[in-house]
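What follows is the content of input.pdb (PDB, C-alpha atoms).
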ATOM      1  CA  MET O  19     -21.390  76.393 -20.549  1.00  0.00           C
ATOM      2  CA  SER O  20     -24.003  74.235 -22.250  1.00  0.00           C
ATOM      3  CA  ASN O  21     -22.114  71.108 -21.159  1.00  0.00           C
ATOM      4  CA  VAL O  22     -22.470  72.136 -17.530  1.00  0.00           C
ATOM      5  CA  LEU O  23     -26.191  72.680 -17.990  1.00  0.00           C
ATOM      6  CA  TYR O  24     -26.549  69.342 -19.708  1.00  0.00           C
ATOM      7  CA  ILE O  25     -24.774  67.616 -16.804  1.00  0.00           C
ATOM      8  CA  GLN O  26     -27.129  69.247 -14.298  1.00  0.00           C
ATOM      9  CA  GLU O  27     -30.162  68.143 -16.301  1.00  0.00           C
ATOM     10  CA  TYR O  28     -28.685  64.645 -16.628  1.00  0.00           C
ATOM     11  CA  ARG O  29     -28.153  64.387 -12.867  1.00  0.00           C
ATOM     12  CA  ILE O  30     -31.704  65.462 -12.091  1.00  0.00           C
ATOM     13  CA  LYS O  31     -33.097  62.920 -14.560  1.00  0.00           C
ATOM     14  CA  LYS O  32     -30.821  60.192 -13.173  1.00  0.00           C
ATOM     15  CA  ASP O  33     -31.936  60.924  -9.616  1.00  0.00           C
ATOM     16  CA  LEU O  34     -35.556  60.945 -10.733  1.00  0.00           C
ATOM     17  CA  LEU O  35     -35.185  57.507 -12.340  1.00  0.00           C
ATOM     18  CA  GLU O  36     -33.556  56.124  -9.200  1.00  0.00           C
ATOM     19  CA  VAL O  37     -36.388  57.420  -7.024  1.00  0.00           C
ATOM     20  CA  GLU O  38     -39.004  56.022  -9.409  1.00  0.00           C
ATOM     21  CA  ASP O  39     -37.248  52.627  -9.311  1.00  0.00           C
ATOM     22  CA  ALA O  40     -37.184  52.721  -5.513  1.00  0.00           C
ATOM     23  CA  ILE O  41     -40.922  53.487  -5.446  1.00  0.00           C
ATOM     24  CA  ILE O  42     -41.585  50.505  -7.707  1.00  0.00           C
ATOM     25  CA  VAL O  43     -39.500  48.228  -5.481  1.00  0.00           C
ATOM     26  CA  ALA O  44     -41.267  49.478  -2.342  1.00  0.00           C
ATOM     27  CA  ARG O  45     -44.696  48.918  -3.907  1.00  0.00           C
ATOM     28  CA  LYS O  46     -43.715  45.396  -4.989  1.00  0.00           C
ATOM     29  CA  MET O  47     -42.525  44.634  -1.493  1.00  0.00           C
ATOM     30  CA  ILE O  48     -45.799  45.897  -0.026  1.00  0.00           C
ATOM     31  CA  SER O  49     -47.819  43.826  -2.486  1.00  0.00           C
ATOM     32  CA  ARG O  50     -45.864  40.719  -1.442  1.00  0.00           C
ATOM     33  CA  GLY O  51     -46.548  41.351   2.223  1.00  0.00           C
ATOM     34  CA  VAL O  52     -43.136  42.677   3.164  1.00  0.00           C
ATOM     35  CA  PRO O  53     -43.529  45.457   5.718  1.00  0.00           C
ATOM     36  CA  VAL O  54     -42.350  48.812   4.385  1.00  0.00           C
ATOM     37  CA  PRO O  55     -42.662  51.825   6.680  1.00  0.00           C
ATOM     38  CA  GLU O  56     -45.339  54.161   5.357  1.00  0.00           C
ATOM     39  CA  GLU O  57     -43.028  57.096   5.946  1.00  0.00           C
ATOM     40  CA  THR O  58     -40.501  55.598   3.522  1.00  0.00           C
ATOM     41  CA  LEU O  59     -43.016  55.513   0.693  1.00  0.00           C
ATOM     42  CA  HIS O  60     -44.154  59.057   1.474  1.00  0.00           C
ATOM     43  CA  ARG O  61     -40.571  60.311   1.482  1.00  0.00           C
ATOM     44  CA  LEU O  62     -39.867  58.653  -1.865  1.00  0.00           C
ATOM     45  CA  GLU O  63     -42.998  60.177  -3.393  1.00  0.00           C
ATOM     46  CA  ASN O  64     -42.061  63.604  -2.012  1.00  0.00           C
ATOM     47  CA  MET O  65     -38.553  63.248  -3.421  1.00  0.00           C
ATOM     48  CA  LYS O  66     -40.073  62.424  -6.805  1.00  0.00           C
ATOM     49  CA  LEU O  67     -42.247  65.550  -6.695  1.00  0.00           C
ATOM     50  CA  VAL O  68     -39.279  67.732  -5.728  1.00  0.00           C
ATOM     51  CA  LEU O  69     -37.103  66.324  -8.519  1.00  0.00           C
ATOM     52  CA  GLU O  70     -39.880  66.719 -11.090  1.00  0.00           C
ATOM     53  CA  GLN O  71     -40.286  70.352 -10.050  1.00  0.00           C
ATOM     54  CA  LYS O  72     -36.514  70.906 -10.209  1.00  0.00           C
ATOM     55  CA  LEU O  73     -36.461  69.488 -13.717  1.00  0.00           C
ATOM     56  CA  LEU O  74     -39.380  71.666 -14.814  1.00  0.00           C
ATOM     57  CA  ASP O  75     -37.769  74.758 -13.308  1.00  0.00           C
ATOM     58  CA  PHE O  76     -34.467  73.923 -14.960  1.00  0.00           C
ATOM     59  CA  VAL O  77     -36.023  73.378 -18.389  1.00  0.00           C
ATOM     60  CA  GLU O  78     -38.140  76.535 -18.157  1.00  0.00           C
ATOM     61  CA  LYS O  79     -35.089  78.527 -17.117  1.00  0.00           C
ATOM     62  CA  GLU O  80     -33.170  77.241 -20.136  1.00  0.00           C
ATOM     63  CA  ASP O  81     -36.011  78.093 -22.524  1.00  0.00           C
ATOM     64  CA  LEU O  82     -35.738  81.790 -21.689  1.00  0.00           C
TER      65      LEU O  82
END
Whole structure, structure tokens version:
Amino acid sequence: MSNVLYIQEYRIKKDLLEVEDAIIVARKMISRGVPVPEETLHRLENMKLVLEQKLLDFVEKEDL
């Protein structure tokens, strides 16, 4: 059972890293003058917040 939980935690962390990388790329593009829709950046930031909350909830659940 612990392997399944570890895989879920791993997937959340992996997704979080991918979103953070995408945010960095979008910000670099904006700084270089490449047009990036504002909604795209907002969606990425919202995804990051959701994943961070999922990870916190998951870790807190496992600590019980």
Q: Report the distance between CA of Glu57 in chain O and CA of Lys72 in chain O in Å, rounded to one decimal place.
A: 22.2 Å
Q.
Using only C-alpha atoms for the distances, tell me which of O:Leu74, O:Leu35, O:Ile41, O:Met47 is nearest to Leu62 in chain O.
A.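 Under the stated criterion, the closest residue is O:Ile41.
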(Q) Which residues are close to range 63-69 of chain O, i.e. within 10 Å by only C-alpha atoms, leaving aside same-chain residues fewer than 3 positions away? Reply as a ChimeraX atom specification. (A) /O:30-38,40-41,57-60,72-75
Go ahead and write the selection's residues with C-alpha atoms as a PDB file, in the frame of the given file.
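That gives us result_34.pdb:
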ATOM      1  CA  ILE O  30     -31.704  65.462 -12.091  1.00  0.00           C
ATOM      2  CA  LYS O  31     -33.097  62.920 -14.560  1.00  0.00           C
ATOM      3  CA  LYS O  32     -30.821  60.192 -13.173  1.00  0.00           C
ATOM      4  CA  ASP O  33     -31.936  60.924  -9.616  1.00  0.00           C
ATOM      5  CA  LEU O  34     -35.556  60.945 -10.733  1.00  0.00           C
ATOM      6  CA  LEU O  35     -35.185  57.507 -12.340  1.00  0.00           C
ATOM      7  CA  GLU O  36     -33.556  56.124  -9.200  1.00  0.00           C
ATOM      8  CA  VAL O  37     -36.388  57.420  -7.024  1.00  0.00           C
ATOM      9  CA  GLU O  38     -39.004  56.022  -9.409  1.00  0.00           C
ATOM     10  CA  ALA O  40     -37.184  52.721  -5.513  1.00  0.00           C
ATOM     11  CA  ILE O  41     -40.922  53.487  -5.446  1.00  0.00           C
ATOM     12  CA  GLU O  57     -43.028  57.096   5.946  1.00  0.00           C
ATOM     13  CA  THR O  58     -40.501  55.598   3.522  1.00  0.00           C
ATOM     14  CA  LEU O  59     -43.016  55.513   0.693  1.00  0.00           C
ATOM     15  CA  HIS O  60     -44.154  59.057   1.474  1.00  0.00           C
ATOM     16  CA  LYS O  72     -36.514  70.906 -10.209  1.00  0.00           C
ATOM     17  CA  LEU O  73     -36.461  69.488 -13.717  1.00  0.00           C
ATOM     18  CA  LEU O  74     -39.380  71.666 -14.814  1.00  0.00           C
ATOM     19  CA  ASP O  75     -37.769  74.758 -13.308  1.00  0.00           C
TER      20      ASP O  75
END
**Q.** Å distance separating CA of Leu23 in chain O from CA of Phe76 in chain O, one decimal place
**A.** 8.9 Å
Q. Expressed in Å to a single decimal, how great is the separation between CA of Ala44 in chain O and CA of Glu56 in chain O?
A.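 Separating CA of Ala44 in chain O from CA of Glu56 in chain O is a distance of 9.9 Å.
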Emit a file covering range 36-48 of chain O of the preceding structure with all heavy atoms, as a compact mmCIF listing (two decimals), in the first residue's frame.
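Saved as selection_15.txt:
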# COMPACT_ATOMS: atom_id res chain seq x y z
N GLU O 36 6.69 20.26 -13.54
CA GLU O 36 6.40 20.58 -14.94
C GLU O 36 5.69 21.93 -15.06
O GLU O 36 6.00 22.72 -15.94
CB GLU O 36 5.55 19.48 -15.57
CG GLU O 36 6.32 18.20 -15.83
CD GLU O 36 5.47 17.10 -16.41
OE1 GLU O 36 4.28 17.34 -16.75
OE2 GLU O 36 5.98 15.98 -16.52
N VAL O 37 4.76 22.19 -14.15
CA VAL O 37 4.05 23.47 -14.17
C VAL O 37 5.02 24.61 -13.83
O VAL O 37 4.99 25.67 -14.47
CB VAL O 37 2.85 23.44 -13.20
CG1 VAL O 37 2.27 24.84 -13.00
CG2 VAL O 37 1.78 22.50 -13.71
N GLU O 38 5.87 24.39 -12.84
CA GLU O 38 6.85 25.43 -12.48
C GLU O 38 7.78 25.72 -13.66
O GLU O 38 8.11 26.88 -13.93
CB GLU O 38 7.64 25.01 -11.25
CG GLU O 38 6.82 25.05 -9.98
CD GLU O 38 7.53 24.45 -8.77
OE1 GLU O 38 8.52 23.70 -8.95
OE2 GLU O 38 7.09 24.74 -7.65
N ASP O 39 8.20 24.68 -14.37
CA ASP O 39 9.06 24.87 -15.55
C ASP O 39 8.32 25.66 -16.64
O ASP O 39 8.89 26.53 -17.28
CB ASP O 39 9.53 23.53 -16.11
CG ASP O 39 10.57 22.86 -15.25
OD1 ASP O 39 11.15 23.54 -14.37
OD2 ASP O 39 10.82 21.65 -15.45
N ALA O 40 7.05 25.34 -16.83
CA ALA O 40 6.26 26.05 -17.84
C ALA O 40 6.09 27.52 -17.47
O ALA O 40 6.12 28.40 -18.35
CB ALA O 40 4.89 25.39 -17.99
N ILE O 41 5.93 27.82 -16.18
CA ILE O 41 5.83 29.20 -15.73
C ILE O 41 7.13 29.94 -16.02
O ILE O 41 7.12 31.08 -16.50
CB ILE O 41 5.48 29.27 -14.23
CG1 ILE O 41 4.03 28.81 -14.01
CG2 ILE O 41 5.67 30.69 -13.68
CD1 ILE O 41 3.64 28.63 -12.54
N ILE O 42 8.25 29.30 -15.76
CA ILE O 42 9.56 29.91 -16.02
C ILE O 42 9.71 30.21 -17.51
O ILE O 42 10.14 31.30 -17.90
CB ILE O 42 10.70 29.02 -15.51
CG1 ILE O 42 10.71 29.01 -13.97
CG2 ILE O 42 12.04 29.47 -16.06
CD1 ILE O 42 11.62 27.96 -13.36
N VAL O 43 9.35 29.26 -18.35
CA VAL O 43 9.45 29.45 -19.80
C VAL O 43 8.54 30.60 -20.24
O VAL O 43 8.96 31.46 -21.03
CB VAL O 43 9.09 28.15 -20.55
CG1 VAL O 43 8.92 28.40 -22.04
CG2 VAL O 43 10.15 27.08 -20.31
N ALA O 44 7.33 30.64 -19.74
CA ALA O 44 6.40 31.71 -20.11
C ALA O 44 6.94 33.07 -19.69
O ALA O 44 6.86 34.04 -20.45
CB ALA O 44 5.03 31.45 -19.48
N ARG O 45 7.49 33.15 -18.48
CA ARG O 45 8.05 34.43 -18.02
C ARG O 45 9.26 34.86 -18.85
O ARG O 45 9.44 36.04 -19.14
CB ARG O 45 8.41 34.34 -16.54
CG ARG O 45 7.19 34.31 -15.66
CD ARG O 45 7.56 34.25 -14.21
NE ARG O 45 6.36 34.25 -13.37
CZ ARG O 45 6.34 33.89 -12.12
NH1 ARG O 45 7.44 33.49 -11.52
NH2 ARG O 45 5.20 33.92 -11.43
N LYS O 46 10.09 33.89 -19.25
CA LYS O 46 11.23 34.21 -20.11
C LYS O 46 10.75 34.73 -21.46
O LYS O 46 11.31 35.69 -22.00
CB LYS O 46 12.12 32.98 -20.32
CG LYS O 46 13.01 32.66 -19.15
CD LYS O 46 13.88 31.45 -19.46
CE LYS O 46 14.73 31.06 -18.27
NZ LYS O 46 15.55 29.86 -18.54
N MET O 47 9.73 34.09 -21.99
CA MET O 47 9.20 34.53 -23.27
C MET O 47 8.66 35.95 -23.17
O MET O 47 8.90 36.78 -24.05
CB MET O 47 8.09 33.57 -23.73
CG MET O 47 8.60 32.21 -24.14
SD MET O 47 7.29 31.02 -24.48
CE MET O 47 6.56 31.74 -25.94
N ILE O 48 7.95 36.24 -22.10
CA ILE O 48 7.40 37.59 -21.89
C ILE O 48 8.53 38.60 -21.78
O ILE O 48 8.47 39.68 -22.38
CB ILE O 48 6.50 37.61 -20.64
CG1 ILE O 48 5.22 36.81 -20.89
CG2 ILE O 48 6.17 39.04 -20.23
CD1 ILE O 48 4.39 36.55 -19.65
